[in-house]
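Here is the structure we will look at.
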Amino acid sequence: MGLFSRRKPKIKVSSTKKDGFSGWLKCTHCSELIHANELSSNLNCCPKCSYHYRISVEDRILLLTDDGGFEELFTHIYPKDALGFVDTELYVERLRAAKQKSGRDDALLTGRARLDGREYALGVLDFTFMGGSMGSVVGERLCRLIEYAIEQMLPLVVVSTSGGARMQESTLSLMQMAKTSAVLARFHEKGLFYISILTNPTTGGVTASFASLGDILIAEPNALICFAGPRVIEQILGKPLPEGAQQSEFLLQHGMVDTIVSRHQLRRTLSLLLSYVQAGLAQEKL
């Protein structure tokens, strides 16, 4: 297994099959045959084994907000190639390709959200933009979202999926770990509530900073959550890790996350938590 899980169903669609069916695929987790329509109508979870495949940022927002209950913020912040970085290709070319693939300017979408009438600040990482990697724009947008939540006295929810820090921004990327952690410290000093939702995969500098600093850490089932991937750790230790050592179930057993919530229950769970927060704030005002 590499740094992060690449489990993704291989969909082969054919309109000329003799039996008239198309879009069948084999689940890479349970190997059962399922149809692409079944997968999409089931929140991108396998209907046979409930394995959670990735969902788009748009679908994630629909899942966690009321109809029309999301207002995007800080869209004016764009990435720049401050270092003139070149690896196998120019960083500006990588940014251009990532924008074309994902349809957005960087890996973090931020805004004001509403769920069952309760307002909160929401940030969602997009894995299709350079693996959800954390660069300067991700750090800046998140910090502004946290500051906005402090100003508006809103709870904060961040959904993470990331390969870690963005190497093309070098130290500028690593600085975002300290930057976001410092702003979150101010957020906690105000007595505000932060819910961190960890999805597959959440790794590297994101795990080592804001993703692990929530008041409540919620993980999706079978999510890879770690700093360095299993293969890297095994090379360093010279021996294999315990079975499933960096998956959410193992982390729950060892106290590293607070709960595992399936995608089908996530909306209800978040609504309940927000209701508790709202009740707590109302009690403090009395």
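We name chains A, B, ... following the order of the structure tokens; residues begin at 1 in each chain, and ligands are numbered from 1 as shown.
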
**Request:** Tell me, as a ChimeraX atom specification, which residues lie within 12 Å of Ala208 in chain A, counting only C-alpha atoms; anything in the same chain fewer than 6 positions away does not count.
**Result:** /A:134,160,162-165,174,176-178,180-181,202,214,225-228

Neighbouring residues of Ala223 in chain A were defined as those with any atom within 10 Å, considering only C-alpha atoms; residues of the same chain fewer than 4 positions away were excluded. Please report them as a short mmCIF file (atom, residue, chain, number, x, y, z; two decimals) with C-alpha atoms, in the first residue's frame.
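This is the output file result-v3.cif:
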data_model
loop_
_atom_site.label_atom_id
_atom_site.label_comp_id
_atom_site.auth_asym_id
_atom_site.auth_seq_id
_atom_site.Cartn_x
_atom_site.Cartn_y
_atom_site.Cartn_z
CA PHE A 4 -2.59 6.78 0.64
CA SER A 5 -5.25 4.37 -0.52
CA TYR A 51 -17.01 0.50 1.69
CA HIS A 52 -16.77 4.29 1.44
CA TYR A 53 -15.41 5.59 -1.84
CA THR A 161 -8.92 14.36 2.74
CA LEU A 198 -11.41 12.68 8.73
CA THR A 199 -12.02 10.84 5.46
CA ASN A 200 -9.98 8.51 3.29
CA PRO A 201 -7.13 9.41 3.09
CA THR A 202 -6.06 12.03 5.64
CA ALA A 219 -13.65 9.39 11.09
CA GLY A 244 -5.07 -2.14 9.72
CA GLN A 246 -3.43 3.21 10.27
CA GLN A 247 -7.11 2.79 9.59
CA SER A 248 -9.85 4.56 11.50
CA GLU A 249 -11.01 1.42 13.37
CA LEU A 251 -7.19 4.50 15.72
CA ILE A 260 -16.48 6.43 13.50
#

**Request:** Please report, as JSON, numbers by chain, each residue of range 78-162 of chain A to which DSSP assigns helix (DSSP H, G or I) when run on this structure's backbone.
**Result:** {"A": [91, 92, 93, 94, 95, 96, 97, 98, 99, 100, 101, 102, 130, 131, 132, 136, 137, 138, 139, 140, 141, 142, 143, 144, 145, 146, 147, 148, 149, 150, 151, 152]}

For those residues, write N, CA and C atoms to a file as an mmCIF file, in the first residue's frame.
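And here is the file that came out, part-v5.cif:
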data_model
loop_
_atom_site.group_PDB
_atom_site.id
_atom_site.type_symbol
_atom_site.label_atom_id
_atom_site.label_comp_id
_atom_site.auth_asym_id
_atom_site.auth_seq_id
_atom_site.Cartn_x
_atom_site.Cartn_y
_atom_site.Cartn_z
ATOM 1 N N TYR A 91 5.540 24.135 -11.743
ATOM 2 C CA TYR A 91 4.438 24.168 -10.771
ATOM 3 C C TYR A 91 3.218 24.871 -11.354
ATOM 4 N N VAL A 92 3.442 25.926 -12.117
ATOM 5 C CA VAL A 92 2.309 26.640 -12.721
ATOM 6 C C VAL A 92 1.535 25.731 -13.666
ATOM 7 N N GLU A 93 2.233 24.812 -14.316
ATOM 8 C CA GLU A 93 1.556 23.865 -15.199
ATOM 9 C C GLU A 93 0.752 22.855 -14.380
ATOM 10 N N ARG A 94 1.291 22.444 -13.251
ATOM 11 C CA ARG A 94 0.560 21.530 -12.371
ATOM 12 C C ARG A 94 -0.707 22.204 -11.835
ATOM 13 N N LEU A 95 -0.579 23.466 -11.457
ATOM 14 C CA LEU A 95 -1.747 24.214 -10.976
ATOM 15 C C LEU A 95 -2.806 24.330 -12.059
ATOM 16 N N ARG A 96 -2.362 24.598 -13.283
ATOM 17 C CA ARG A 96 -3.301 24.731 -14.399
ATOM 18 C C ARG A 96 -4.031 23.413 -14.656
ATOM 19 N N ALA A 97 -3.279 22.320 -14.615
ATOM 20 C CA ALA A 97 -3.887 21.003 -14.840
ATOM 21 C C ALA A 97 -4.854 20.640 -13.710
ATOM 22 N N ALA A 98 -4.478 20.972 -12.471
ATOM 23 C CA ALA A 98 -5.342 20.676 -11.326
ATOM 24 C C ALA A 98 -6.629 21.480 -11.390
ATOM 25 N N LYS A 99 -6.533 22.732 -11.827
ATOM 26 C CA LYS A 99 -7.729 23.569 -11.960
ATOM 27 C C LYS A 99 -8.651 23.019 -13.036
ATOM 28 N N GLN A 100 -8.062 22.570 -14.130
ATOM 29 C CA GLN A 100 -8.866 22.009 -15.216
ATOM 30 C C GLN A 100 -9.555 20.709 -14.783
ATOM 31 N N LYS A 101 -8.853 19.905 -14.002
ATOM 32 C CA LYS A 101 -9.399 18.628 -13.552
ATOM 33 C C LYS A 101 -10.497 18.803 -12.512
ATOM 34 N N SER A 102 -10.273 19.695 -11.552
ATOM 35 C CA SER A 102 -11.191 19.831 -10.420
ATOM 36 C C SER A 102 -12.253 20.906 -10.608
ATOM 37 N N MET A 130 -4.682 18.258 -6.758
ATOM 38 C CA MET A 130 -3.348 17.895 -6.290
ATOM 39 C C MET A 130 -3.392 17.085 -4.998
ATOM 40 N N GLY A 131 -4.292 16.108 -4.964
ATOM 41 C CA GLY A 131 -4.376 15.218 -3.806
ATOM 42 C C GLY A 131 -4.766 15.905 -2.520
ATOM 43 N N GLY A 132 -5.520 17.020 -2.619
ATOM 44 C CA GLY A 132 -5.921 17.732 -1.413
ATOM 45 C C GLY A 132 -4.748 18.275 -0.623
ATOM 46 N N SER A 136 -0.080 27.226 0.487
ATOM 47 C CA SER A 136 -0.316 28.523 1.129
ATOM 48 C C SER A 136 -1.779 28.941 1.071
ATOM 49 N N VAL A 137 -2.444 28.649 -0.045
ATOM 50 C CA VAL A 137 -3.846 29.056 -0.192
ATOM 51 C C VAL A 137 -4.743 28.262 0.750
ATOM 52 N N VAL A 138 -4.495 26.964 0.886
ATOM 53 C CA VAL A 138 -5.264 26.151 1.826
ATOM 54 C C VAL A 138 -5.108 26.707 3.239
ATOM 55 N N GLY A 139 -3.867 26.992 3.632
ATOM 56 C CA GLY A 139 -3.627 27.537 4.962
ATOM 57 C C GLY A 139 -4.279 28.888 5.165
ATOM 58 N N GLU A 140 -4.177 29.766 4.162
ATOM 59 C CA GLU A 140 -4.744 31.118 4.287
ATOM 60 C C GLU A 140 -6.265 31.071 4.323
ATOM 61 N N ARG A 141 -6.869 30.281 3.429
ATOM 62 C CA ARG A 141 -8.335 30.203 3.428
ATOM 63 C C ARG A 141 -8.859 29.622 4.737
ATOM 64 N N LEU A 142 -8.177 28.604 5.247
ATOM 65 C CA LEU A 142 -8.622 27.996 6.498
ATOM 66 C C LEU A 142 -8.483 28.979 7.652
ATOM 67 N N CYS A 143 -7.371 29.700 7.704
ATOM 68 C CA CYS A 143 -7.183 30.676 8.781
ATOM 69 C C CYS A 143 -8.246 31.776 8.729
ATOM 70 N N ARG A 144 -8.563 32.224 7.528
ATOM 71 C CA ARG A 144 -9.611 33.249 7.399
ATOM 72 C C ARG A 144 -10.973 32.700 7.793
ATOM 73 N N LEU A 145 -11.221 31.432 7.476
ATOM 74 C CA LEU A 145 -12.476 30.813 7.888
ATOM 75 C C LEU A 145 -12.561 30.732 9.408
ATOM 76 N N ILE A 146 -11.460 30.348 10.050
ATOM 77 C CA ILE A 146 -11.444 30.259 11.515
ATOM 78 C C ILE A 146 -11.658 31.640 12.131
ATOM 79 N N GLU A 147 -10.984 32.648 11.597
ATOM 80 C CA GLU A 147 -11.154 34.012 12.096
ATOM 81 C C GLU A 147 -12.583 34.507 11.892
ATOM 82 N N TYR A 148 -13.178 34.118 10.764
ATOM 83 C CA TYR A 148 -14.582 34.459 10.503
ATOM 84 C C TYR A 148 -15.491 33.793 11.535
ATOM 85 N N ALA A 149 -15.195 32.522 11.857
ATOM 86 C CA ALA A 149 -15.984 31.806 12.856
ATOM 87 C C ALA A 149 -15.857 32.457 14.232
ATOM 88 N N ILE A 150 -14.652 32.962 14.560
ATOM 89 C CA ILE A 150 -14.455 33.668 15.832
ATOM 90 C C ILE A 150 -15.279 34.952 15.852
ATOM 91 N N GLU A 151 -15.206 35.692 14.759
ATOM 92 C CA GLU A 151 -15.929 36.967 14.672
ATOM 93 C C GLU A 151 -17.438 36.771 14.754
ATOM 94 N N GLN A 152 -17.935 35.721 14.089
ATOM 95 C CA GLN A 152 -19.378 35.473 14.048
ATOM 96 C C GLN A 152 -19.856 34.534 15.159
#

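Distances here use only C-alpha atoms; by that measure, the residue among A:Cys27, A:Leu154, A:Val159, A:Cys49 closest to Ile61 in chain A is A:Val159.
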
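Closest to His76 in chain A among A:Asp106, A:Asp59, A:Glu89, A:Glu234 is A:Asp106, based on only C-alpha atoms.
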